[in-house]
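Undergrad: Quick one: structure below, then a few questions.
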Amino acid sequence: MKKEDVLLKHFGKFYSEELGIQVKKGWKEIFKWFLASLLFGKPIGENLVKRTYRQFEKARLLDPGSILKAGWDRLVEILDAGGYVRYDFSTADKLLEIMRYLEKNPLRKIYGSARDSQELEKELEKIKGIGPTTVNIFLRELRHVLKKADPEISPLALLAAERFGIKLEKQKTEEFARLETALLRLGKNFCRKRRCGSCPVRKFCSNPF
């Protein structure tokens with residue numbers, strides 16, 4: 001079995017899939033992934049982010065209008081219930097500001113007005129509270145879905161690719177997007193922390209620490 005296949009088997013599930021989001025089904029689902037990407041953009045554990053997104057799902061706050069209608073106090077409650085306590089106030093502020101912008105400028109409109117992938121990234125980063133990290137998270141899992149979604153490969157994915165001797169070049173395919181996700185997980189959870197001893201795919205590593 002090729003090392004790429006092993007990585008896909010262990011780590012190749014999209015984060016959006018883990019949350020039950022089906023980005024291929026259109027802009028409502030893509031917005032859900034955008035919301036999740038906002039939560040993933042903070043330096044907080046993946047499990048807490050997933051739990052917090054589930055709270056938004058449970059409360060049916062999965063579009064700009066419903067999030068705005070919920071208001072600041074309710075958002076703080078939801079963030080706290082998910083374990084997002086460290087960033088609850090600031091994230092509630094940010095979410096409301098972003099949703100106000102998206103009510104007037106929906107993601108579909110932003111995407112449609114961008115000429116290419118670079119302009120799309122710039123337009124998303126113009127939204128106050130959204131930086132390059134969040135944009136990369138959001139667009140990475142849309143690489144094979146939207147023509148103009150083509151972000152740079154994550155440094156953590158490149159780190160893992162280097163350790164495993166994999167030549168990583170951007171492609172607009174689902175297989176590549178999954179491989180990038182797999183390498184990102186590997187780089188984030190093992191290579192960066194030099195946790196070679198507990199890495200489930202260590203025997204395929206070309207250059208262990």
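Following the order of the structure tokens, first chain is A, next is B, and so on, with residues numbered from 1 inside each chain and ligands from 1 in the order they appear.
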Near Leu156 (chain A), within 6 Å and counting only C-alpha atoms, which residues show up once chain neighbours fewer than 6 positions away are dropped, as a compact mmCIF listing (two decimals) with N, CA and C atoms, in the first residue's frame?
TA:
# COMPACT_ATOMS: atom_id res chain seq x y z
N LEU A 184 -2.07 17.66 6.99
CA LEU A 184 -2.26 18.71 7.99
C LEU A 184 -2.45 18.12 9.38
N GLY A 187 0.86 16.64 10.49
CA GLY A 187 1.81 17.69 10.86
C GLY A 187 1.45 18.37 12.16
N LYS A 188 0.15 18.62 12.35
CA LYS A 188 -0.32 19.33 13.54
C LYS A 188 -0.20 18.48 14.80
Undergrad: Which residues are close to Ser66 (chain A), i.e. within 12 Å by only C-alpha atoms, leaving aside same-chain residues fewer than 4 positions away? Reply as a list of chain:residue names.
TA: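 These residues fall inside the cut-off: A:Phe56, A:Glu57, A:Ala59, A:Arg60, A:Leu61, A:Leu62, A:Ala70, A:Gly71, A:Trp72, A:Arg74, A:Leu75, A:Leu95, A:Leu96, A:Met99, A:Arg100, A:Glu103.
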Undergrad: Any chance you can output those residues with N, CA and C atoms as an mmCIF file, in the first residue's frame?
TA:
data_model
loop_
_atom_site.group_PDB
_atom_site.id
_atom_site.type_symbol
_atom_site.label_atom_id
_atom_site.label_comp_id
_atom_site.auth_asym_id
_atom_site.auth_seq_id
_atom_site.Cartn_x
_atom_site.Cartn_y
_atom_site.Cartn_z
ATOM 1 N N PHE A 56 -24.242 25.296 18.053
ATOM 2 C CA PHE A 56 -24.883 26.160 17.050
ATOM 3 C C PHE A 56 -25.897 25.364 16.238
ATOM 4 N N GLU A 57 -25.527 24.152 15.894
ATOM 5 C CA GLU A 57 -26.422 23.281 15.125
ATOM 6 C C GLU A 57 -27.679 22.959 15.936
ATOM 7 N N ALA A 59 -28.988 24.688 18.288
ATOM 8 C CA ALA A 59 -29.796 25.907 18.437
ATOM 9 C C ALA A 59 -30.341 26.408 17.098
ATOM 10 N N ARG A 60 -29.983 25.721 16.032
ATOM 11 C CA ARG A 60 -30.408 26.093 14.670
ATOM 12 C C ARG A 60 -29.940 27.498 14.290
ATOM 13 N N LEU A 61 -28.739 27.802 14.687
ATOM 14 C CA LEU A 61 -28.121 29.084 14.330
ATOM 15 C C LEU A 61 -27.073 28.812 13.258
ATOM 16 N N LEU A 62 -27.546 28.611 12.039
ATOM 17 C CA LEU A 62 -26.672 28.177 10.956
ATOM 18 C C LEU A 62 -26.790 29.066 9.721
ATOM 19 N N ALA A 70 -30.310 35.906 17.336
ATOM 20 C CA ALA A 70 -30.012 35.309 18.648
ATOM 21 C C ALA A 70 -29.421 36.342 19.600
ATOM 22 N N GLY A 71 -28.551 37.198 19.086
ATOM 23 C CA GLY A 71 -27.971 38.254 19.914
ATOM 24 C C GLY A 71 -26.761 37.812 20.720
ATOM 25 N N TRP A 72 -26.101 38.797 21.311
ATOM 26 C CA TRP A 72 -24.815 38.580 21.977
ATOM 27 C C TRP A 72 -24.922 37.637 23.170
ATOM 28 N N ARG A 74 -27.054 35.296 23.921
ATOM 29 C CA ARG A 74 -27.321 33.909 23.514
ATOM 30 C C ARG A 74 -26.084 33.281 22.885
ATOM 31 N N LEU A 75 -25.355 34.042 22.107
ATOM 32 C CA LEU A 75 -24.136 33.510 21.500
ATOM 33 C C LEU A 75 -23.112 33.138 22.565
ATOM 34 N N LEU A 95 -18.539 37.365 15.719
ATOM 35 C CA LEU A 95 -19.586 36.696 14.943
ATOM 36 C C LEU A 95 -20.684 37.671 14.524
ATOM 37 N N LEU A 96 -21.109 38.512 15.441
ATOM 38 C CA LEU A 96 -22.170 39.467 15.119
ATOM 39 C C LEU A 96 -21.717 40.454 14.047
ATOM 40 N N MET A 99 -21.570 38.558 10.710
ATOM 41 C CA MET A 99 -22.901 38.229 10.192
ATOM 42 C C MET A 99 -23.617 39.464 9.648
ATOM 43 N N ARG A 100 -23.385 40.603 10.270
ATOM 44 C CA ARG A 100 -23.964 41.844 9.744
ATOM 45 C C ARG A 100 -23.422 42.123 8.338
ATOM 46 N N GLU A 103 -24.937 39.526 5.831
ATOM 47 C CA GLU A 103 -26.343 39.757 5.474
ATOM 48 C C GLU A 103 -26.437 40.658 4.240
#
Undergrad: Please report the interatomic distance between CA of Ser206 (chain A) and CA of Pro155 (chain A) in Å with one decimal.
TA: 18.1 Å
Undergrad: I'd like the neighbourhood of Cys191 (chain A) as a ChimeraX atom specification, where a residue qualifies if any of its atoms comes within 10 Å (using only C-alpha atoms), though same-chain residues fewer than 2 positions away should be ignored.
TA: /A:156-157,159-161,163-164,183-189,193-196,199,202,208-209
Undergrad: Using only C-alpha atoms, please write the residues we just selected to a file, as a short mmCIF file (atom, residue, chain, number, x, y, z; two decimals), in the first residue's frame.
TA:
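File part-v9.cif, as written:
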data_model
loop_
_atom_site.label_atom_id
_atom_site.label_comp_id
_atom_site.auth_asym_id
_atom_site.auth_seq_id
_atom_site.Cartn_x
_atom_site.Cartn_y
_atom_site.Cartn_z
CA LEU A 156 1.90 21.98 8.67
CA ALA A 157 0.88 19.87 5.67
CA LEU A 159 6.08 19.78 7.13
CA ALA A 160 4.46 16.34 7.18
CA ALA A 161 4.94 15.92 3.42
CA ARG A 163 8.99 14.11 6.69
CA PHE A 164 7.20 11.45 4.66
CA LEU A 183 -0.98 15.71 6.06
CA LEU A 184 -2.26 18.71 7.99
CA ARG A 185 -3.54 16.46 10.77
CA LEU A 186 -0.29 14.53 10.77
CA GLY A 187 1.81 17.69 10.86
CA LYS A 188 -0.32 19.33 13.54
CA ASN A 189 -0.70 16.39 15.90
CA LYS A 193 5.25 18.03 18.33
CA ARG A 194 7.85 15.39 17.39
CA ARG A 195 5.54 12.66 18.64
CA CYS A 196 7.11 10.03 16.40
CA CYS A 199 2.45 8.25 15.38
CA ARG A 202 5.59 6.24 11.68
CA PRO A 208 11.77 10.87 11.57
CA PHE A 209 12.94 13.28 14.26
#
Undergrad: Quick check, in Å to one decimal: how far apart do CA of Glu29 (chain A) and CA of Glu17 (chain A) lie?
TA: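 We find that CA of Glu29 (chain A) and CA of Glu17 (chain A) lie 11.0 Å from each other.
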Undergrad: When distances are computed from only C-alpha atoms, which of A:Lys94, A:Lys128, A:Lys24, A:Lys2 shows the smallest separation from Lys42 (chain A)?
TA: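 Ranking A:Lys94, A:Lys128, A:Lys24, A:Lys2 by distance to Lys42 (chain A), first place goes to A:Lys94.
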Undergrad: Determine, counting only C-alpha atoms, which protein, DNA and RNA residues have an atom within 12 Å of an atom of Glu119 (chain A); residues of the same chain fewer than 5 positions away are not included. Present the result as a list in words.
TA: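 Residues meeting the cut-off are Ile110, Tyr111, Gly112, Ser113, Ala114, Leu124, Glu125, Lys126, Val135, Lys148, Ala149, Asp150 and Pro151 of chain A.
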Undergrad: Would you compute the distance between CA of Gln22 (chain A) and CA of Glu141 (chain A)? Give it in Å to one decimal.
TA: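 Computing it gives 10.7 Å between the two atoms.
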Undergrad: Compile the contact shell of Glu180 (chain A) as a PyMOL selection string: residues with an atom at most 9 Å away, counting only C-alpha atoms, same-chain residues fewer than 5 positions apart removed.
TA: chain A and resi 12+140+153-154+157-158+161+168+175+185
Undergrad: Which residues come within 7 Å of Arg178 (chain A), counting only C-alpha atoms, excluding same-chain residues fewer than 2 positions away, as a PyMOL selection string?
TA: chain A and resi 8+12-14+174-176+180-182
Undergrad: Among region 54-114 of chain A, which residues carry a DSSP assignment of helix (DSSP H, G or I), reported as a VMD selection string?
TA: chain A and resid 54 to 58 64 to 82 85 to 104 107 to 113
Undergrad: For N, CA and C atoms, I'd like the residues from the last selection saved as a short mmCIF file (atom, residue, chain, number, x, y, z; two decimals), in the first residue's frame.
TA:
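Wrote it out as out_22.cif, contents follow:
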data_model
loop_
_atom_site.label_atom_id
_atom_site.label_comp_id
_atom_site.auth_asym_id
_atom_site.auth_seq_id
_atom_site.Cartn_x
_atom_site.Cartn_y
_atom_site.Cartn_z
N ARG A 54 -21.55 22.04 17.27
CA ARG A 54 -22.75 21.24 17.53
C ARG A 54 -23.80 22.04 18.32
N GLN A 55 -23.31 22.92 19.19
CA GLN A 55 -24.25 23.77 19.94
C GLN A 55 -24.96 24.75 19.01
N PHE A 56 -24.24 25.30 18.05
CA PHE A 56 -24.88 26.16 17.05
C PHE A 56 -25.90 25.36 16.24
N GLU A 57 -25.53 24.15 15.89
CA GLU A 57 -26.42 23.28 15.13
C GLU A 57 -27.68 22.96 15.94
N LYS A 58 -27.48 22.63 17.20
CA LYS A 58 -28.60 22.30 18.08
C LYS A 58 -29.55 23.49 18.23
N PRO A 64 -26.65 33.66 8.72
CA PRO A 64 -26.41 34.99 9.30
C PRO A 64 -27.62 35.57 10.02
N GLY A 65 -28.81 35.44 9.43
CA GLY A 65 -30.00 36.03 10.04
C GLY A 65 -30.31 35.46 11.41
N SER A 66 -30.25 34.15 11.55
CA SER A 66 -30.58 33.53 12.83
C SER A 66 -29.54 33.85 13.89
N ILE A 67 -28.29 33.95 13.49
CA ILE A 67 -27.23 34.29 14.44
C ILE A 67 -27.40 35.72 14.93
N LEU A 68 -27.72 36.63 14.03
CA LEU A 68 -27.96 38.02 14.43
C LEU A 68 -29.18 38.13 15.34
N LYS A 69 -30.22 37.40 15.01
CA LYS A 69 -31.44 37.43 15.82
C LYS A 69 -31.19 36.89 17.22
N ALA A 70 -30.31 35.91 17.34
CA ALA A 70 -30.01 35.31 18.65
C ALA A 70 -29.42 36.34 19.60
N GLY A 71 -28.55 37.20 19.09
CA GLY A 71 -27.97 38.25 19.91
C GLY A 71 -26.76 37.81 20.72
N TRP A 72 -26.10 38.80 21.31
CA TRP A 72 -24.82 38.58 21.98
C TRP A 72 -24.92 37.64 23.17
N ASP A 73 -25.87 37.85 24.05
CA ASP A 73 -25.99 37.02 25.26
C ASP A 73 -26.20 35.56 24.90
N ARG A 74 -27.05 35.30 23.92
CA ARG A 74 -27.32 33.91 23.51
C ARG A 74 -26.08 33.28 22.88
N LEU A 75 -25.36 34.04 22.11
CA LEU A 75 -24.14 33.51 21.50
C LEU A 75 -23.11 33.14 22.56
N VAL A 76 -22.98 33.97 23.57
CA VAL A 76 -22.05 33.66 24.67
C VAL A 76 -22.47 32.37 25.36
N GLU A 77 -23.76 32.19 25.59
CA GLU A 77 -24.26 30.94 26.19
C GLU A 77 -23.87 29.73 25.35
N ILE A 78 -24.06 29.84 24.05
CA ILE A 78 -23.76 28.73 23.15
C ILE A 78 -22.26 28.44 23.13
N LEU A 79 -21.46 29.48 23.06
CA LEU A 79 -20.01 29.30 23.06
C LEU A 79 -19.54 28.66 24.36
N ASP A 80 -20.09 29.11 25.49
CA ASP A 80 -19.73 28.53 26.78
C ASP A 80 -20.16 27.07 26.87
N ALA A 81 -21.34 26.76 26.35
CA ALA A 81 -21.83 25.38 26.40
C ALA A 81 -20.94 24.43 25.61
N GLY A 82 -20.30 24.97 24.57
CA GLY A 82 -19.39 24.15 23.78
C GLY A 82 -17.99 24.06 24.34
N VAL A 85 -14.94 28.82 26.22
CA VAL A 85 -15.03 29.83 27.30
C VAL A 85 -13.96 30.91 27.18
N ARG A 86 -12.77 30.52 26.81
CA ARG A 86 -11.64 31.47 26.79
C ARG A 86 -11.89 32.62 25.81
N TYR A 87 -12.64 32.33 24.74
CA TYR A 87 -12.85 33.34 23.70
C TYR A 87 -14.32 33.70 23.53
N ASP A 88 -15.13 33.45 24.55
CA ASP A 88 -16.58 33.60 24.35
C ASP A 88 -17.00 35.03 24.03
N PHE A 89 -16.56 36.01 24.82
CA PHE A 89 -16.99 37.39 24.60
C PHE A 89 -16.50 37.92 23.25
N SER A 90 -15.20 37.75 23.00
CA SER A 90 -14.62 38.30 21.77
C SER A 90 -15.18 37.60 20.54
N THR A 91 -15.45 36.30 20.65
CA THR A 91 -15.99 35.57 19.50
C THR A 91 -17.43 35.96 19.24
N ALA A 92 -18.21 36.19 20.29
CA ALA A 92 -19.59 36.66 20.11
C ALA A 92 -19.59 38.01 19.40
N ASP A 93 -18.70 38.91 19.83
CA ASP A 93 -18.58 40.21 19.16
C ASP A 93 -18.25 40.03 17.68
N LYS A 94 -17.25 39.19 17.43
CA LYS A 94 -16.78 38.99 16.06
C LYS A 94 -17.86 38.36 15.18
N LEU A 95 -18.54 37.36 15.72
CA LEU A 95 -19.59 36.70 14.94
C LEU A 95 -20.68 37.67 14.52
N LEU A 96 -21.11 38.51 15.44
CA LEU A 96 -22.17 39.47 15.12
C LEU A 96 -21.72 40.45 14.05
N GLU A 97 -20.49 40.91 14.15
CA GLU A 97 -19.98 41.86 13.16
C GLU A 97 -19.87 41.19 11.78
N ILE A 98 -19.38 39.96 11.76
CA ILE A 98 -19.24 39.24 10.48
C ILE A 98 -20.61 38.94 9.88
N MET A 99 -21.57 38.56 10.71
CA MET A 99 -22.90 38.23 10.19
C MET A 99 -23.62 39.46 9.65
N ARG A 100 -23.38 40.60 10.27
CA ARG A 100 -23.96 41.84 9.74
C ARG A 100 -23.42 42.12 8.34
N TYR A 101 -22.15 41.87 8.17
CA TYR A 101 -21.53 42.07 6.85
C TYR A 101 -22.10 41.07 5.84
N LEU A 102 -22.24 39.81 6.25
CA LEU A 102 -22.69 38.77 5.32
C LEU A 102 -24.17 38.88 4.98
N GLU A 103 -24.94 39.53 5.83
CA GLU A 103 -26.34 39.76 5.47
C GLU A 103 -26.44 40.66 4.24
N LYS A 104 -25.53 41.60 4.14
CA LYS A 104 -25.51 42.50 2.98
C LYS A 104 -24.66 41.96 1.84
N LEU A 107 -21.85 35.09 1.05
CA LEU A 107 -20.67 34.40 0.53
C LEU A 107 -20.78 34.16 -0.97
N ARG A 108 -21.96 33.81 -1.44
CA ARG A 108 -22.15 33.57 -2.88
C ARG A 108 -21.80 34.83 -3.69
N LYS A 109 -22.20 35.99 -3.17
CA LYS A 109 -21.92 37.26 -3.86
C LYS A 109 -20.43 37.57 -3.83
N ILE A 110 -19.80 37.36 -2.69
CA ILE A 110 -18.35 37.59 -2.57
C ILE A 110 -17.60 36.70 -3.55
N TYR A 111 -18.00 35.45 -3.60
CA TYR A 111 -17.35 34.50 -4.51
C TYR A 111 -17.56 34.92 -5.96
N GLY A 112 -18.78 35.28 -6.31
CA GLY A 112 -19.10 35.63 -7.68
C GLY A 112 -18.38 36.87 -8.18
N SER A 113 -18.10 37.80 -7.28
CA SER A 113 -17.45 39.06 -7.69
C SER A 113 -15.93 38.94 -7.78
#
